[in-house]
Structures are given as structure tokens and as C-alpha cells.
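Beneath this line is the structure, given in C-alpha cells, with notes to follow.
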Amino acid sequence: MIPIPTIAWAVVAVALMAVFYALARFSEELGEALRIRPYYISYYAAALFLFIGIQIRLFDAVANGLAFEYAYWHEALVAIGVTIALITTIIYWGWILSDYQKMK
């Protein structure tokens, strides 16, 4: 049986992957309009890191002890994925904060 915290963590990771996908689609449109290099691909890479993290976490929960060597990598993979998404968001959407500061 898979523990409830593992299932909750997987749901959160899937929700983050959906957010990263939505941001990738919005950023693709913005990038085409502003002629920015395709940094939005980084959102897909971030979602991939989260997906791999989900697989490791669930595999460890199902086959307890078989993935002991890799079981703690899921936290590092999620941190890497979220960091990539944060940097990409700053690159694409940082102009909103600069425009806000100019309006004050």
C-alpha cells in the first residue's frame, strides 16, 4: 500500500507540472511576440525533472527497499525542476515587475 503522504506529494508534483506546462504555452506566445529565444523549453525540462522525481518516489513506496540507493534523489530532482522553472519565469515575466516599478 502506498502511504498517503507519497500520494499527496505526487498530486502536488503533477499540479506543478500542469502549471509549468501552462507557463510554457504562455511563454511561447510571449516569446514569439517579443522575438525572445525559446527559453520556454526549460519549462518542459523542469516538468521532466518533476516527472522523474515522481517515478522514483512512487517506485520506492511500492517496492520498499529496492530503490534505497535512489530514494532520496526525488527531492533533489524536484528542487532542480522548480529552480529551472523559477529562472525561466524571471527571464520571461520579469518585465512585469520592472513595468510595475516604473508606474510608481
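Simple scheme: letters A, B, ... for chains in C-alpha cells order, numbers from 1 for residues in each chain, numbers from 1 for ligands in the order shown.
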
Query raised in the report: Could you write out, as a PyMOL selection string, all the residues of chain A that DSSP marks as alpha helix (DSSP H)?
Result: chain A and resi 4-34+41-62+73-103

Name all residues at most 12 Å from Gly81 in chain A (count only C-alpha atoms; drop same-chain ones fewer than 2 positions away) and give them as a PDB file with N, CA and C atoms, in the first residue's frame.
```pdb
ATOM      1  N   ALA A  13       3.169  17.359  -7.187  1.00  0.00           N
ATOM      2  CA  ALA A  13       4.124  17.382  -8.295  1.00  0.00           C
ATOM      3  C   ALA A  13       3.413  17.418  -9.640  1.00  0.00           C
ATOM      4  N   LEU A  16       2.156  20.917 -10.167  1.00  0.00           N
ATOM      5  CA  LEU A  16       3.255  21.783 -10.600  1.00  0.00           C
ATOM      6  C   LEU A  16       3.599  21.552 -12.066  1.00  0.00           C
ATOM      7  N   MET A  17       3.550  20.304 -12.507  1.00  0.00           N
ATOM      8  CA  MET A  17       3.816  20.014 -13.911  1.00  0.00           C
ATOM      9  C   MET A  17       2.769  20.681 -14.807  1.00  0.00           C
ATOM     10  N   PHE A  20       3.660  24.325 -14.960  1.00  0.00           N
ATOM     11  CA  PHE A  20       4.805  24.530 -15.837  1.00  0.00           C
ATOM     12  C   PHE A  20       4.397  24.426 -17.300  1.00  0.00           C
ATOM     13  N   SER A  42      12.673  25.292 -21.324  1.00  0.00           N
ATOM     14  CA  SER A  42      13.133  24.984 -19.969  1.00  0.00           C
ATOM     15  C   SER A  42      11.988  24.554 -19.059  1.00  0.00           C
ATOM     16  N   TYR A  43      10.776  25.062 -19.313  1.00  0.00           N
ATOM     17  CA  TYR A  43       9.621  24.618 -18.521  1.00  0.00           C
ATOM     18  C   TYR A  43       9.369  23.128 -18.731  1.00  0.00           C
ATOM     19  N   TYR A  44       9.541  22.679 -19.964  1.00  0.00           N
ATOM     20  CA  TYR A  44       9.356  21.250 -20.240  1.00  0.00           C
ATOM     21  C   TYR A  44      10.437  20.426 -19.542  1.00  0.00           C
ATOM     22  N   ALA A  45      11.648  20.958 -19.514  1.00  0.00           N
ATOM     23  CA  ALA A  45      12.728  20.258 -18.796  1.00  0.00           C
ATOM     24  C   ALA A  45      12.415  20.202 -17.304  1.00  0.00           C
ATOM     25  N   ALA A  46      11.888  21.294 -16.749  1.00  0.00           N
ATOM     26  CA  ALA A  46      11.519  21.314 -15.330  1.00  0.00           C
ATOM     27  C   ALA A  46      10.429  20.285 -15.041  1.00  0.00           C
ATOM     28  N   ALA A  47       9.449  20.190 -15.935  1.00  0.00           N
ATOM     29  CA  ALA A  47       8.388  19.193 -15.757  1.00  0.00           C
ATOM     30  C   ALA A  47       8.955  17.772 -15.847  1.00  0.00           C
ATOM     31  N   LEU A  48       9.947  17.577 -16.690  1.00  0.00           N
ATOM     32  CA  LEU A  48      10.577  16.269 -16.807  1.00  0.00           C
ATOM     33  C   LEU A  48      11.285  15.883 -15.503  1.00  0.00           C
ATOM     34  N   PHE A  49      11.979  16.841 -14.895  1.00  0.00           N
ATOM     35  CA  PHE A  49      12.620  16.571 -13.607  1.00  0.00           C
ATOM     36  C   PHE A  49      11.576  16.180 -12.563  1.00  0.00           C
ATOM     37  N   LEU A  50      10.440  16.872 -12.545  1.00  0.00           N
ATOM     38  CA  LEU A  50       9.388  16.511 -11.596  1.00  0.00           C
ATOM     39  C   LEU A  50       8.820  15.131 -11.899  1.00  0.00           C
ATOM     40  N   PHE A  51       8.640  14.809 -13.161  1.00  0.00           N
ATOM     41  CA  PHE A  51       8.112  13.507 -13.541  1.00  0.00           C
ATOM     42  C   PHE A  51       9.041  12.383 -13.090  1.00  0.00           C
ATOM     43  N   ILE A  52      10.331  12.556 -13.308  1.00  0.00           N
ATOM     44  CA  ILE A  52      11.297  11.548 -12.876  1.00  0.00           C
ATOM     45  C   ILE A  52      11.289  11.437 -11.349  1.00  0.00           C
ATOM     46  N   GLY A  53      11.172  12.570 -10.672  1.00  0.00           N
ATOM     47  CA  GLY A  53      11.086  12.558  -9.212  1.00  0.00           C
ATOM     48  C   GLY A  53       9.865  11.797  -8.716  1.00  0.00           C
ATOM     49  N   ILE A  54       8.725  11.966  -9.408  1.00  0.00           N
ATOM     50  CA  ILE A  54       7.513  11.230  -9.038  1.00  0.00           C
ATOM     51  C   ILE A  54       7.756   9.732  -9.183  1.00  0.00           C
ATOM     52  N   HIS A  74      14.630  12.074  -5.293  1.00  0.00           N
ATOM     53  CA  HIS A  74      13.405  12.737  -5.733  1.00  0.00           C
ATOM     54  C   HIS A  74      13.347  14.176  -5.231  1.00  0.00           C
ATOM     55  N   GLU A  75      13.835  14.420  -4.026  1.00  0.00           N
ATOM     56  CA  GLU A  75      13.818  15.788  -3.502  1.00  0.00           C
ATOM     57  C   GLU A  75      14.763  16.691  -4.290  1.00  0.00           C
ATOM     58  N   ALA A  76      15.921  16.175  -4.652  1.00  0.00           N
ATOM     59  CA  ALA A  76      16.867  16.956  -5.445  1.00  0.00           C
ATOM     60  C   ALA A  76      16.307  17.227  -6.837  1.00  0.00           C
ATOM     61  N   LEU A  77      15.649  16.235  -7.430  1.00  0.00           N
ATOM     62  CA  LEU A  77      15.076  16.428  -8.762  1.00  0.00           C
ATOM     63  C   LEU A  77      13.967  17.466  -8.753  1.00  0.00           C
ATOM     64  N   VAL A  78      13.145  17.440  -7.726  1.00  0.00           N
ATOM     65  CA  VAL A  78      12.082  18.443  -7.618  1.00  0.00           C
ATOM     66  C   VAL A  78      12.691  19.832  -7.417  1.00  0.00           C
ATOM     67  N   ALA A  79      13.700  19.928  -6.583  1.00  0.00           N
ATOM     68  CA  ALA A  79      14.356  21.228  -6.363  1.00  0.00           C
ATOM     69  C   ALA A  79      14.983  21.746  -7.651  1.00  0.00           C
ATOM     70  N   THR A  83      13.712  25.126  -9.581  1.00  0.00           N
ATOM     71  CA  THR A  83      14.698  26.187  -9.814  1.00  0.00           C
ATOM     72  C   THR A  83      14.769  26.555 -11.289  1.00  0.00           C
ATOM     73  N   ILE A  84      14.754  25.560 -12.162  1.00  0.00           N
ATOM     74  CA  ILE A  84      14.756  25.831 -13.605  1.00  0.00           C
ATOM     75  C   ILE A  84      13.522  26.645 -13.987  1.00  0.00           C
ATOM     76  N   ALA A  85      12.363  26.256 -13.465  1.00  0.00           N
ATOM     77  CA  ALA A  85      11.130  26.979 -13.774  1.00  0.00           C
ATOM     78  C   ALA A  85      11.172  28.405 -13.225  1.00  0.00           C
ATOM     79  N   LEU A  86      11.740  28.592 -12.054  1.00  0.00           N
ATOM     80  CA  LEU A  86      11.843  29.936 -11.474  1.00  0.00           C
ATOM     81  C   LEU A  86      12.718  30.838 -12.331  1.00  0.00           C
ATOM     82  N   ILE A  87      13.856  30.338 -12.751  1.00  0.00           N
ATOM     83  CA  ILE A  87      14.759  31.138 -13.584  1.00  0.00           C
ATOM     84  C   ILE A  87      14.105  31.470 -14.916  1.00  0.00           C
ATOM     85  N   THR A  88      13.426  30.505 -15.497  1.00  0.00           N
ATOM     86  CA  THR A  88      12.739  30.744 -16.768  1.00  0.00           C
ATOM     87  C   THR A  88      11.625  31.767 -16.598  1.00  0.00           C
TER      88      THR A  88
END
```

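Nearest to Ala8 in chain A of all the residues A:Ala22, A:Leu34, A:Leu58, A:Ile80 is A:Leu58, based on only C-alpha atoms.
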
Query raised in the report: If you count only C-alpha atoms, which residues fall within 12 Å of Ile7 in chain A, apart from same-chain ones fewer than 6 positions away, as a PyMOL selection string?
Result: chain A and resi 1+13-14+54-55+57-59+61-62

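Taking CA of Ala18 in chain A and CA of Gly31 in chain A as the two end points, the separation is 19.5 Å.
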
Query raised in the report: Which distance in Å separates CA of Ala33 in chain A and CA of Ala15 in chain A, to one decimal?
Result: 27.4 Å

Query - Point-to-point distance in Å for CA of Trp73 in chain A and CA of Tyr40 in chain A - result: 24.9 Å

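Among the candidates A:Ser27, A:Tyr21, A:Pro3, A:Trp9, the one nearest to Gly94 in chain A when counting only C-alpha atoms is A:Ser27.
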
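Minimum atom-to-atom distances from A:Ile41, A:Ala63, A:Leu97, A:Ile91 to Ile2 in chain A were compared using only C-alpha atoms, and the lowest value belongs to A:Ala63.
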